Structures are given as structure tokens and as C-alpha cells.
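Q: To start, I am sharing the structure in question, which I have written as C-alpha cells.
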Amino acid sequence: MKTYNFFNFQDIISTLRKSDVKNKEVLMPFEAYYGPISEDGTLEEMPFYKDYLAAFDIEGELAGFTLRRDFIPPSVHQALEKIGGIKCLDPKPSTDDFELMQRLVVGSLSVGYALVRDNDSPSVYRLVIQAEGRQNSATRGLERVTEEQFKRMFRIFIEEQIRISVILTDENDPERDDVWRERANRLVLFQQKAQLLREGKTGDV
């Protein structure tokens with residue numbers, strides 16, 4: 001049984017249902033093919049988790065390494081809260097929150113990432129995420145995101161996986177074959193990046 005402090009699958013599904021546009025474009029097509037998501041349904045029961053996200057062997061490929069979760073000093077946390085009520089990750093996400101976030105990042109078809117050894121400890125790695133925007137790009141280590149950003153990332157990545165599931169069910173969708181190939185590529189890419197990390201190298205984001 002997973003223990004999440006930040007991730008709430010049912011809250012995400014509820015938000016999609018309340019949005020007329022997203023419900024019609026994302027959730028309704030998904031449920032039309034896979035069946036309704038029940039009120040006690042879990043992420044781990046979803047086909048995109050069982051058939052894809054679960055295939056990323058986070059624990060095995062990164063054995064012997066620990067994810068850097070937060071190196072922002074307490075003084076910075078306090079300053080951010082005073083300036084604009086911005087909260088860094090406090091209270092902390094659970095181990096399961098971080099594991100799921102890693103699966104969603106490495107399995108996403110919309111962001112780049114790198115696994116980078118920490119300068120102070122060779123057994124610690126940082127997950128650096130790169131998101132490409134229409135006019136610019138943003139790169140940030142997972143340990144540097146705020147509480148709201150962390151939760152918003154869950155919503156964005158889950159919605160992405162649901163959208164992709166819909167594409168994969170439509171044999172006439174022009175993106176379908178590309179998505180199948182890209183998902184297979186992402187699995188191989190993760191193994192390659194994990195290998196580089198073990199060798200003390202860092203691949204491009």
C-alpha cells in the first residue's frame with residue numbers, strides 16, 4: 001500500500017471532471033475505452049501505470065544512490081514565506097511521493113531530464129527537469145520546487161498520461177505510432193541515463 005503525503009489521485013480526477021473542456025477532451029474518452037474511474041480507484045490500477053510507468057525500474061537501476069530531496073537552507077525557506085507566502089517542500093513528500101514523481105518525469109514525453117551526481121556526495125543524485133515553453137525553457141532540480149509546484153506537477157503529468165492513453169486507443173490517430181515508439185524510447189533512455197550516473201557521468205538534459 002502506497003503512502004502519499006502530496007499526491008492525491010482522486011483529487012486530480014475530480015478536478016478533471018469539474019473542467020468541462022478537460023472532461024470532454026481527456027477523461028470522457030479515457031473512461032469510454034477503459035471504463036469509469038471509481039471513487040476508490042487508485043493510480044496503480046490505471047493501465048498507463050501498470051503497462052508503462054511501473055516498467056521503469058527506479059529502485060533497481062538507481063540502487064546504491066539516494067535522491068537529493070532538499071538542500072535549501074531553513075533560512076531560505078523562512079525568507080520565501082515572508083516575501084510571498086511561498087512554501088518549499090515542508091512538510092516533506094513521502095518516499096512514495098518522490099518515487100512516483102520520478103516515474104512521471106522519466107516517463108513523460110513532454111519534458112527532458114538528467115540524473116546528476118551531487119557535488120558533496122557521490123552516492124546522492126539530483127533529478128534535474130527541463131520543460132520547454134513556447135518562448136523559453138526552464139530547468140530546475142526537483143529538490144528546488146515549492147510545495148505548490150510539486151503538487152501541480154503531479155496534476156500535469158497524470159493528465160498527460162491520460163491523454164496519451166486516449167491517443168493509443170485510437171487506431172486512426174496520426175500520433176499513435178509515434179507515441180508507442182517514444183514510450184519505448186523513454187524506457188531505454190532511462191536505463192542509459194542511470195548507467196551514466198553509475199559511471200560518474202552526466203547525460204544531456
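So you can find residues: chains in the C-alpha cells are A, B, ... in the order shown, residues in each start at 1, and ligands are numbered from 1 in order.
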If we count only C-alpha atoms, what is near stretch 18-30 of chain A at a cut-off of 8 Å, once residues fewer than 6 positions away on the same chain are taken out, given as a PyMOL selection string?

A: chain A and resi 159+162-163+165-166

Q: Keeping only N, CA, C and O atoms, write those residues as an mmCIF file, in the first residue's frame.

A:
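Heads up, here's the output in result_21.cif:
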```cif
data_model
loop_
_atom_site.group_PDB
_atom_site.id
_atom_site.type_symbol
_atom_site.label_atom_id
_atom_site.label_comp_id
_atom_site.auth_asym_id
_atom_site.auth_seq_id
_atom_site.Cartn_x
_atom_site.Cartn_y
_atom_site.Cartn_z
ATOM 1 N N GLU A 159 -2.417 14.058 -16.073
ATOM 2 C CA GLU A 159 -3.253 14.437 -17.220
ATOM 3 C C GLU A 159 -2.566 14.039 -18.528
ATOM 4 O O GLU A 159 -3.218 13.557 -19.459
ATOM 5 N N ILE A 162 -3.030 10.328 -19.108
ATOM 6 C CA ILE A 162 -4.396 10.018 -19.519
ATOM 7 C C ILE A 162 -4.596 10.390 -20.984
ATOM 8 O O ILE A 162 -5.191 9.628 -21.767
ATOM 9 N N ARG A 163 -4.094 11.557 -21.383
ATOM 10 C CA ARG A 163 -4.202 11.989 -22.784
ATOM 11 C C ARG A 163 -3.506 10.991 -23.709
ATOM 12 O O ARG A 163 -4.035 10.621 -24.766
ATOM 13 N N SER A 165 -2.927 7.855 -23.161
ATOM 14 C CA SER A 165 -3.705 6.610 -23.195
ATOM 15 C C SER A 165 -4.820 6.688 -24.214
ATOM 16 O O SER A 165 -5.125 5.702 -24.907
ATOM 17 N N VAL A 166 -5.450 7.858 -24.321
ATOM 18 C CA VAL A 166 -6.536 8.051 -25.293
ATOM 19 C C VAL A 166 -5.977 7.951 -26.715
ATOM 20 O O VAL A 166 -6.583 7.319 -27.585
#
```

Q: Quick one: residues within 7 Å of A:Asp96, only C-alpha atoms counted, chain neighbours fewer than 3 positions away excluded, as a ChimeraX atom specification?

A: /A:2-4,99-100

Q: Identify which of the residues A:Gln130, A:Ser94, A:Asn5, A:Thr15 lies closest to A:Val106, counting only C-alpha atoms when measuring atom-to-atom distances.

A: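 That would be A:Gln130, the residue with the smallest distance to A:Val106.
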
Q: Of the candidates A:Leu197, A:Val105, A:Leu189, A:Ile164, which one gets nearest to A:Tyr125 if we count only C-alpha atoms?

A: A:Leu197

Q: Which residues, written as a list in words, have at least one atom at most 7 Å from stretch 137-143 of chain A, with only C-alpha atoms counted and residues fewer than 2 positions away on the same chain left out?

A: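 These residues fall inside the cut-off: Arg68, Arg69, Asp70, Phe71, Arg126, Leu127, Val128, Ile129, Gln130, Ala131, Glu132, Gly133 and Val145 of chain A.
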
Q: Mind writing the picked residues with N, CA, C and O atoms as a CSV table (one decimal), in the first residue's frame?

A:
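Output file out32.csv follows:
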```
chain,number,residue,atom,x,y,z
A,68,ARG,N,18.5,13.4,-4.0
A,68,ARG,CA,18.6,14.6,-3.2
A,68,ARG,C,17.2,15.3,-3.2
A,68,ARG,O,16.7,15.6,-4.3
A,69,ARG,N,16.6,15.5,-2.0
A,69,ARG,CA,15.3,16.0,-1.9
A,69,ARG,C,15.2,17.4,-1.6
A,69,ARG,O,14.2,18.1,-1.9
A,70,ASP,N,16.2,17.9,-0.8
A,70,ASP,CA,16.1,19.3,-0.4
A,70,ASP,C,17.4,19.8,0.1
A,70,ASP,O,17.9,19.2,1.1
A,71,PHE,N,18.0,20.8,-0.5
A,71,PHE,CA,19.3,21.3,0.1
A,71,PHE,C,19.1,22.8,0.3
A,71,PHE,O,20.1,23.5,0.5
A,126,ARG,N,20.8,14.2,-8.2
A,126,ARG,CA,19.7,15.2,-8.3
A,126,ARG,C,19.0,14.8,-9.6
A,126,ARG,O,19.5,14.4,-10.6
A,127,LEU,N,17.6,15.0,-9.6
A,127,LEU,CA,16.8,14.9,-10.7
A,127,LEU,C,16.5,16.3,-11.3
A,127,LEU,O,15.8,17.1,-10.6
A,128,VAL,N,17.2,16.6,-12.4
A,128,VAL,CA,17.1,17.9,-13.0
A,128,VAL,C,16.1,17.9,-14.1
A,128,VAL,O,16.3,17.1,-15.1
A,129,ILE,N,15.1,18.7,-14.1
A,129,ILE,CA,14.0,18.6,-15.1
A,129,ILE,C,14.1,19.9,-16.0
A,129,ILE,O,14.3,21.0,-15.5
A,130,GLN,N,13.9,19.6,-17.3
A,130,GLN,CA,13.8,20.7,-18.2
A,130,GLN,C,12.5,20.7,-19.0
A,130,GLN,O,12.1,19.7,-19.6
A,131,ALA,N,11.8,21.8,-18.9
A,131,ALA,CA,10.5,22.0,-19.6
A,131,ALA,C,10.6,23.0,-20.7
A,131,ALA,O,11.1,24.1,-20.4
A,132,GLU,N,10.3,22.7,-21.9
A,132,GLU,CA,10.3,23.6,-23.0
A,132,GLU,C,9.0,24.4,-23.1
A,132,GLU,O,8.0,23.7,-23.3
A,133,GLY,N,9.1,25.7,-23.1
A,133,GLY,CA,7.9,26.5,-23.3
A,133,GLY,C,7.9,27.0,-24.7
A,133,GLY,O,8.8,26.8,-25.5
A,145,VAL,N,11.9,22.7,-6.0
A,145,VAL,CA,10.5,23.2,-6.3
A,145,VAL,C,9.8,23.5,-5.0
A,145,VAL,O,10.1,22.9,-3.9
```

Q: Check the smallest atom-to-atom distance from each of A:Leu187, A:Leu16, A:Val124, A:Met1 to A:Glu160 using only C-alpha atoms, then report the winner.

A: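 Looking at the shortest contact to A:Glu160, the residue is A:Leu16.
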
Q: When you look at A:Gln10 with a cut-off of 10 Å (counting only C-alpha atoms), what residues show up, excluding the ones that are within fewer than 4 positions of it in the same chain? I need them as a PyMOL selection string.

A: chain A and resi 14-16+37-43

Q: Among the residues of stretch 17-116 of chain A, find those DSSP assigns to strand (DSSP E or B) from the backbone and print them as an MDAnalysis selection string.

A: chainID A and resid 66:67 88 111:116

Q: Restricted to C-alpha atoms, what would the selected residues look like written as a CSV table (one decimal), in the first residue's frame?

A:
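Contents of the output file selection.csv:
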```
chain,number,residue,atom,x,y,z
A,66,THR,CA,19.8,8.4,-2.9
A,67,LEU,CA,17.7,11.1,-4.5
A,88,CYS,CA,9.2,25.0,-0.1
A,111,VAL,CA,10.0,17.1,-20.5
A,112,GLY,CA,13.7,16.5,-20.6
A,113,TYR,CA,15.7,15.4,-17.5
A,114,ALA,CA,19.2,14.5,-16.2
A,115,LEU,CA,20.4,12.4,-13.4
A,116,VAL,CA,23.3,14.4,-11.8
```

Q: Restricting the calculation to only C-alpha atoms: of A:Phe48, A:Phe65, A:Phe56, A:Phe7, which residue gets closest to A:Glu147?

A: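 For A:Glu147, the nearest of the candidates is A:Phe7.
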
Q: Tell me which protein, DNA and RNA residues are within 10 Å of A:Ile58, counting only C-alpha atoms, leaving out same-chain ones fewer than 2 positions away, and put them as a PyMOL selection string.

A: chain A and resi 54-56+60-63+99-100+102-103+106+190-191+194

Q: Run DSSP on the backbone and tell me which residues of stretch 91-146 of chain A come out as alpha helix (DSSP H); list them as a list of chain:residue names.

A: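 Filtering stretch 91-146 of chain A down to alpha helix (DSSP H) leaves A:Thr95, A:Asp96, A:Asp97, A:Phe98, A:Glu99, A:Leu100, A:Met101, A:Gln102, A:Arg103, A:Leu104, A:Val105, A:Val106, A:Gly107.
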
Q: Which distance in Å separates atom CA of A:Ala79 and atom CA of A:Thr146, to one decimal?

A: 13.1 Å
